[in-house]
Every structure is written in structure tokens, then in C-alpha cells.
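Student: Please find one structure pasted underneath; my questions will follow.
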Amino acid sequence: MKQDASRNPAYTVDCEDYVHVVEFNPFETGDSGNLIAYGGNNYVVIGTCTFQEEEAGIEGIQYKTLRTFHHGVRVDGIAWSPETRLDSLPPIIKFCTSAADLKIRLFTSDLQDKNEYKVLEGHSDFINGLVFDPKGGQGIASVSDDHTCRIWTLEGVQTSHFVLHSPGMSVCWHPEETFKLMVAEKNGTIRFYDLVAQQAILSLESEQVPLMSAHWCLKNTFKVGAVAGNDWLIWDITRSSYPQTKRPVHMDRACLFRWSTISENLFATTGYPGKMASQFQIHHLGHSQPILVGSVPVGSGISWHRTLPLCVVGGDHKLLFWVTEV
């Protein structure tokens with residue numbers, strides 16, 4: 001359904017469960033539909049959605065659930081594999097999850113008879129971030145409250161183990177140079193690791209804590225964004241290890257930061273769910289104020305569409321979609 005007020009989502013999709021995390025597939029899958037995954041208290045749901053912004057014959061949003069995977073424990077994180085293909089026969093759906101039981105599960109499905117998962121164990125505390133190697137999808141990186149960043153093979157073997165100085169909050173893989181990894185820590189330090197040399201090569205400082213979320217800008221990998229305390233912060237790593245710009249955004253502490261996949265000036269942030277709602281904001285570096293402010297009842301998870309200026313946030317038995325301008 002389409003709504004008009006700028007603070008309301010443009011589209012919503014009803015879900016069977018509370019949505020803890022939601023992720024658009026960031027990779028090309030050979031099919032026009034956009035794969036989306038969301039996780040609740042017991043399940044992971046894989047679906048496709050197409051929007052009127054990309055296909056003329058559609059009014060609003062066309063959403064279809066492809067498969068529901070029983071998870072058995074709360075889903076905290078989801079990462080898509082670049083090996084996912086919808087144009088192969090049979091199709092390949094591959095993703096991993098982090099869960100409340102401190103385990104990573106790697107799911108593989110052909111949307112028919114083959115539905116398998118493998119458990120990767122090793123973290124001793126809450127897992128805050130995970131990501132696939134974006135080139136071949138043969139590695140998974142994860143960060144945790146146990147003060148480690150770990151790299152895993154798809155068989156569950158740990159190939160690297162970096163000891164951090166505080167909880168690991170976010171991890172990002174360089175889109176081209178896959179030996180480079182970015183790890184953000186709660187104490188405000190963001191480090192870049194060389195996976196060949198197995199050591200840190202560069203670090204940034206937020207100068208404020210707690211740093212809750214950071215993201216590498218894939219349109220311009222010299223840019224890094226994060227939220228710490230009440231502020232968003234942006235670095236140009238060619239200039240300084242300290243933020244180039246920062247601005248207070250969320251009164252109740254900022255929670256998540258995500259760059260748009262299509263513009264190096266567009267990003268979204270969320271605040272912590274308060275008594276009534278969590279605030280969701282879209283920012284553009286050319287504007288001093290947020291270009292869109294939304295309110296989400298107990299919102300969690302945030303993800304950008306691969307080719308549109310469109311953002312999804314998880315809510316209470318709902319997916320909420322906002323559309324903006326580039």
C-alpha cells in the first residue's frame with residue numbers, strides 16, 4: 001500500500017513474526033526481482049520484492065515469500081552470499097545467520113528439496129556482525145562481544161582470529177581488494193586488516209563512545225561512516241584518522257549506520273527503540289538536516305535496495321520501506 005506523509009513508510013509488508021533483522025541481497029542474482037531476507041524469533045524468511053519505481057506495471061510493491069527456514073532460536077544477523085543465483089537451474093540461495101545461541105548457521109537451498117545448514121561454532125559471546133567475502137563467497141567474517149574478529153571457511157574452519165581491545169560491533173569486506181577487512185570496535189576504534197599479512201594496516205578513531213555501528217562506503221571506499229553516542233560520523237581515510245564531519249542525530253543514542261548502495265552521499269541511521277518508537281533517518285551530505293525522518297514502532301535492522309534509493313527497516317510483524325531522492 002502507498003502512503004503519502006513523509007514520516008510514514010511508502011510501502012509495508014506484513015510478516016508472521018517480529019522482525020529482528022532484514023537484509024536486501026546486495027549482489028546481482030541474474031533475476032529482475034530483489035531478494036530480501038528477514039529474521040524473527042524462530043524463522044528466517046526469504047522473499048522477492050519488486051517496486052513500482054523499477055517496473056511500470058506494478059502498483060506499489062509486489063512481494064512474494066520464496067521459502068521460510070525454521071531457525072529455532074532468535075535471528076540476530078543475516079549476511080547474503082554472492083553465490084546466490086536465481087537464474088541457475090536449480091536456483092541457489094545461500095546466506096548465513098548469527099543467533100542468540102552464539103552460533104553462525106550457513107544455509108544452502110535450491111528452493112526445492114535441498115535445504116541444508118551447517119553450524120559454525122567458536123564465539124563465546126554475542127555476535128554483532130557478519131559478512132561474506134564479496135568476490136567468491138568462500139569466506140565469512142564475524143565480530144563479537146567476545147573481543148574477537150574471526151574468518152571462517154564455508155566448512156567452519158577458522159582461518160584468522162584477530163584479538164580486539166573491546167567488543168567488535170561491525171565488520172565489512174572491501175568489495176574489490178578482498179584481502180582488506182574493516183572492523184569497528186565499541187571503544188571507538190575502527191581498524192583495517194590485511195588478511196594476507198594477518199595484521200592491522202590502518203586505524204581510525206571516533207573520539208566518542210560507544211561506537212555502535214560502522215559501514216564502509218562501497219561507492220567510495222575512502223569513506224567510512226559510523227554512529228557513536230548520539231552522533232553520526234564520517235571519515236575520509238586519505239585525510240585523517242579522525243572524523244571529517246559529524247552531527248548529533250538521535251537523542252536516545254544512535255544504533256545503526258548504513259551507506260546507500262547507489263550514492264556516496266546518502267546514508268541512513270536509526271536510534272534505539274524508545275518507549276514508543278525508534279527514529280529512522282535518511283541523510284544526504286549536501287543537506288544539513290535529515291532529508292527523511294520516519295518513526296518505527298520497535299524498529300530493528302536496516303538495509304538499502306541494491307539499485308534504488310529505497311531503504312527497509314524491520315518492525316513489529318512488518319517490513320517498512322521508505323523511498324527517497326538521490
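If you're wondering about the labels, chains in the C-alpha cells are A, B, ... by order shown, residues count from 1 in each chain, ligands from 1 in order shown.
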DSSP says strand (DSSP E or B) for which residues of stretch 49-162 of chain A? Put them as a PyMOL selection string?
Tutor: chain A and resi 49-51+61-70+75-80+85+92-99+104-109+115-120+127-132+139-144+148-153+158-162
Student: Select from stretch 170-255 of chain A every residue with an atom at most 12 Å from any atom of stretch 74-84 of chain A, then for each give the shortest pair of atoms and their distance in Å to one decimal, using only C-alpha atoms, rows by chain and rising number, as a tab-separated table.
Tutor:
residue	atom	partner	partner_atom	distance
A:Ser170	CA	A:Gly77	CA	11.0
A:Val171	CA	A:Ala79	CA	11.1
A:Cys172	CA	A:Ala79	CA	10.9
A:Trp173	CA	A:Ala79	CA	11.8
A:Pro175	CA	A:Pro82	CA	11.2
Student: Convert the current residue selection to file output with N, CA, C and O atoms, as an mmCIF file, in the first residue's frame.
Tutor:
data_model
loop_
_atom_site.group_PDB
_atom_site.id
_atom_site.type_symbol
_atom_site.label_atom_id
_atom_site.label_comp_id
_atom_site.auth_asym_id
_atom_site.auth_seq_id
_atom_site.Cartn_x
_atom_site.Cartn_y
_atom_site.Cartn_z
ATOM 1 N N SER A 170 30.951 -4.079 14.141
ATOM 2 C CA SER A 170 30.656 -4.189 12.705
ATOM 3 C C SER A 170 31.874 -4.729 11.980
ATOM 4 O O SER A 170 33.012 -4.476 12.382
ATOM 5 N N VAL A 171 31.603 -5.437 10.880
ATOM 6 C CA VAL A 171 32.686 -5.920 10.029
ATOM 7 C C VAL A 171 32.270 -5.757 8.571
ATOM 8 O O VAL A 171 31.129 -6.046 8.210
ATOM 9 N N CYS A 172 33.183 -5.230 7.729
ATOM 10 C CA CYS A 172 32.911 -5.036 6.301
ATOM 11 C C CYS A 172 34.099 -5.528 5.498
ATOM 12 O O CYS A 172 35.248 -5.327 5.889
ATOM 13 N N TRP A 173 33.807 -6.123 4.356
ATOM 14 C CA TRP A 173 34.839 -6.623 3.459
ATOM 15 C C TRP A 173 34.977 -5.665 2.285
ATOM 16 O O TRP A 173 33.968 -5.196 1.750
ATOM 17 N N PRO A 175 35.068 -4.407 -1.349
ATOM 18 C CA PRO A 175 34.360 -5.023 -2.483
ATOM 19 C C PRO A 175 35.288 -5.562 -3.575
ATOM 20 O O PRO A 175 34.931 -6.497 -4.281
#
Student: If we count only C-alpha atoms, what is near stretch 255-258 of chain A at a cut-off of 7 Å, once residues fewer than 6 positions away on the same chain are taken out, given as a list in words?
Tutor: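 Selected residues are Met212, Ser213, Ala214, His215, Gly225, Ala226, Val227, Phe267, Ala268, Thr269, Thr270, Gly271 and Tyr272 of chain A.
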Student: Create the file for the chosen residues now, containing N, CA and C atoms and written as a PDB file, in the first residue's frame.
Tutor:
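Generated output (again-v5.pdb):
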ATOM      1  N   MET A 212      28.496   2.111  17.985  1.00  0.00           N
ATOM      2  CA  MET A 212      27.530   1.003  17.897  1.00  0.00           C
ATOM      3  C   MET A 212      27.478   0.347  16.527  1.00  0.00           C
ATOM      4  N   SER A 213      27.881   1.096  15.488  1.00  0.00           N
ATOM      5  CA  SER A 213      27.745   0.556  14.136  1.00  0.00           C
ATOM      6  C   SER A 213      28.631   1.369  13.204  1.00  0.00           C
ATOM      7  N   ALA A 214      29.307   0.696  12.261  1.00  0.00           N
ATOM      8  CA  ALA A 214      30.104   1.397  11.250  1.00  0.00           C
ATOM      9  C   ALA A 214      29.927   0.687   9.918  1.00  0.00           C
ATOM     10  N   HIS A 215      30.168   1.431   8.837  1.00  0.00           N
ATOM     11  CA  HIS A 215      29.932   0.867   7.496  1.00  0.00           C
ATOM     12  C   HIS A 215      30.924   1.485   6.525  1.00  0.00           C
ATOM     13  N   GLY A 225      31.610   5.478   7.514  1.00  0.00           N
ATOM     14  CA  GLY A 225      30.622   6.151   8.362  1.00  0.00           C
ATOM     15  C   GLY A 225      30.345   5.317   9.596  1.00  0.00           C
ATOM     16  N   ALA A 226      29.893   5.991  10.654  1.00  0.00           N
ATOM     17  CA  ALA A 226      29.578   5.261  11.894  1.00  0.00           C
ATOM     18  C   ALA A 226      28.598   6.073  12.722  1.00  0.00           C
ATOM     19  N   VAL A 227      28.014   5.418  13.721  1.00  0.00           N
ATOM     20  CA  VAL A 227      27.293   6.139  14.770  1.00  0.00           C
ATOM     21  C   VAL A 227      27.949   5.796  16.112  1.00  0.00           C
ATOM     22  N   PHE A 267      22.981   8.154   3.271  1.00  0.00           N
ATOM     23  CA  PHE A 267      23.094   7.100   4.287  1.00  0.00           C
ATOM     24  C   PHE A 267      21.912   7.179   5.236  1.00  0.00           C
ATOM     25  N   ALA A 268      21.724   6.113   5.987  1.00  0.00           N
ATOM     26  CA  ALA A 268      20.591   6.051   6.920  1.00  0.00           C
ATOM     27  C   ALA A 268      21.106   5.703   8.308  1.00  0.00           C
ATOM     28  N   THR A 269      20.404   6.204   9.328  1.00  0.00           N
ATOM     29  CA  THR A 269      20.733   5.880  10.721  1.00  0.00           C
ATOM     30  C   THR A 269      19.452   5.548  11.474  1.00  0.00           C
ATOM     31  N   THR A 270      19.589   4.752  12.525  1.00  0.00           N
ATOM     32  CA  THR A 270      18.455   4.519  13.414  1.00  0.00           C
ATOM     33  C   THR A 270      18.881   4.805  14.845  1.00  0.00           C
ATOM     34  N   GLY A 271      17.872   5.157  15.664  1.00  0.00           N
ATOM     35  CA  GLY A 271      18.097   5.327  17.095  1.00  0.00           C
ATOM     36  C   GLY A 271      17.599   4.086  17.820  1.00  0.00           C
ATOM     37  N   TYR A 272      17.864   4.014  19.102  1.00  0.00           N
ATOM     38  CA  TYR A 272      17.361   2.877  19.873  1.00  0.00           C
ATOM     39  C   TYR A 272      15.862   3.010  20.054  1.00  0.00           C
TER      40      TYR A 272
END
Student: Residues near A:Trp322, anyone? I mean within 6 Å using only C-alpha atoms, not counting same-chain ones fewer than 5 positions away, as number ranges by chain.
Tutor: A: 9-10, 310-311
Student: Can you write out the residues you just picked, keeping all heavy atoms, as a short mmCIF file (atom, residue, chain, number, x, y, z; two decimals), in the first residue's frame?
Tutor:
data_model
loop_
_atom_site.label_atom_id
_atom_site.label_comp_id
_atom_site.auth_asym_id
_atom_site.auth_seq_id
_atom_site.Cartn_x
_atom_site.Cartn_y
_atom_site.Cartn_z
N PRO A 9 6.11 5.14 6.11
CA PRO A 9 6.77 4.38 5.05
C PRO A 9 5.97 4.43 3.76
O PRO A 9 4.74 4.56 3.78
CB PRO A 9 6.81 2.96 5.62
CG PRO A 9 5.84 2.93 6.74
CD PRO A 9 5.69 4.31 7.25
N ALA A 10 6.65 4.33 2.63
CA ALA A 10 5.98 4.31 1.33
C ALA A 10 5.22 3.00 1.15
O ALA A 10 4.14 2.96 0.58
CB ALA A 10 6.99 4.49 0.21
N LEU A 310 16.10 3.35 -1.81
CA LEU A 310 14.99 2.78 -1.05
C LEU A 310 15.57 1.96 0.10
O LEU A 310 16.51 1.20 -0.07
CB LEU A 310 14.17 1.90 -2.00
CG LEU A 310 12.88 1.25 -1.51
CD1 LEU A 310 11.90 1.12 -2.67
CD2 LEU A 310 13.14 -0.13 -0.92
N CYS A 311 14.99 2.14 1.27
CA CYS A 311 15.52 1.56 2.50
C CYS A 311 14.43 0.74 3.18
O CYS A 311 13.26 1.13 3.17
CB CYS A 311 15.88 2.73 3.41
SG CYS A 311 17.33 2.45 4.35
#
Student: Any idea what's packed within 10 Å of stretch 143-151 of chain A, counting only C-alpha atoms, ignoring anything in its chain fewer than 5 positions away? Could you give it as a JSON list (two decimals) with C-alpha atoms, in the first residue's frame?
Tutor:
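Full text of part-v5.json as output:
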[["chain", "number", "residue", "atom", "x", "y", "z"],
["A", 102, "LEU", "CA", 26.28, -17.55, 19.78],
["A", 122, "GLY", "CA", 33.67, -20.65, 18.28],
["A", 123, "HIS", "CA", 32.40, -17.29, 19.54],
["A", 124, "SER", "CA", 31.89, -17.17, 23.30],
["A", 125, "ASP", "CA", 29.64, -14.10, 23.36],
["A", 126, "PHE", "CA", 27.02, -12.22, 21.32],
["A", 127, "ILE", "CA", 27.82, -11.91, 17.56],
["A", 128, "ASN", "CA", 27.28, -8.32, 16.39],
["A", 129, "GLY", "CA", 28.20, -8.51, 12.71],
["A", 130, "LEU", "CA", 28.91, -10.97, 9.90],
["A", 131, "VAL", "CA", 29.67, -10.72, 6.20],
["A", 132, "PHE", "CA", 30.67, -12.92, 3.25],
["A", 133, "ASP", "CA", 33.77, -12.40, 1.14],
["A", 156, "GLY", "CA", 33.53, -23.92, 9.51],
["A", 157, "VAL", "CA", 37.34, -23.84, 9.84],
["A", 158, "GLN", "CA", 38.74, -20.63, 11.35],
["A", 159, "THR", "CA", 41.48, -19.23, 9.11],
["A", 160, "SER", "CA", 42.09, -15.96, 11.02],
["A", 161, "HIS", "CA", 41.46, -14.79, 14.56],
["A", 162, "PHE", "CA", 42.08, -11.15, 15.49],
["A", 163, "VAL", "CA", 42.02, -10.16, 19.16],
["A", 164, "LEU", "CA", 40.24, -6.82, 19.67],
["A", 165, "HIS", "CA", 40.51, -4.32, 22.54],
["A", 166, "SER", "CA", 36.73, -4.14, 23.07],
["A", 167, "PRO", "CA", 33.55, -5.72, 21.63],
["A", 168, "GLY", "CA", 33.52, -5.96, 17.82],
["A", 169, "MET", "CA", 30.40, -4.16, 16.53],
["A", 170, "SER", "CA", 30.66, -4.19, 12.71],
["A", 171, "VAL", "CA", 32.69, -5.92, 10.03],
["A", 183, "VAL", "CA", 36.45, -3.97, 11.92],
["A", 184, "ALA", "CA", 34.72, -1.43, 14.18],
["A", 185, "GLU", "CA", 35.04, -1.69, 17.96],
["A", 186, "LYS", "CA", 32.76, -0.37, 20.68],
["A", 195, "LEU", "CA", 44.24, -10.76, 5.69]]
Student: Just the residues within 9 Å of A:Thr261, please, counting only C-alpha atoms, with nothing from its chain fewer than 6 positions along; format it as a list of chain:residue names.
Tutor: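 The contact residues come out as A:Pro26, A:Cys217, A:Leu218, A:Lys219, A:Phe267, A:Trp304, A:His305, A:Arg306, A:Thr307, A:Leu308, A:Pro309.
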Student: May I have the residues from that selection written out with C-alpha atoms, as a tab-separated table (two decimals), in the first residue's frame?
Tutor:
chain	number	residue	atom	x	y	z
A	26	PRO	CA	23.45	-6.70	-2.26
A	217	CYS	CA	31.07	3.12	1.69
A	218	LEU	CA	31.13	0.75	-1.29
A	219	LYS	CA	30.71	3.60	-3.81
A	267	PHE	CA	23.09	7.10	4.29
A	304	TRP	CA	19.34	-0.42	1.30
A	305	HIS	CA	17.99	-1.68	-2.02
A	306	ARG	CA	20.78	-2.58	-4.48
A	307	THR	CA	19.76	-0.16	-7.26
A	308	LEU	CA	17.14	2.22	-5.83
A	309	PRO	CA	17.25	4.98	-3.17
Student: Calculate how many Å separate atom CA of A:Thr324 from atom CA of A:Asp14, rounding to one decimal.
Tutor: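 So the two atoms, atom CA of A:Thr324 and atom CA of A:Asp14, lie 21.6 Å apart.
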Student: Here is a test: counting only C-alpha atoms, which residue of A:His250, A:Leu266, A:Val323, A:Trp152 is nearest to A:Gln52?
Tutor: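 Result for the nearest residue to A:Gln52: A:Val323.
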Student: Between A:Phe51, A:Ile58, A:Ala99, A:Ile46, which one has atoms that come closest to A:Leu111, using only C-alpha atoms?
Tutor: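 Residue with the minimum atom-to-atom distance to A:Leu111: A:Ile46.
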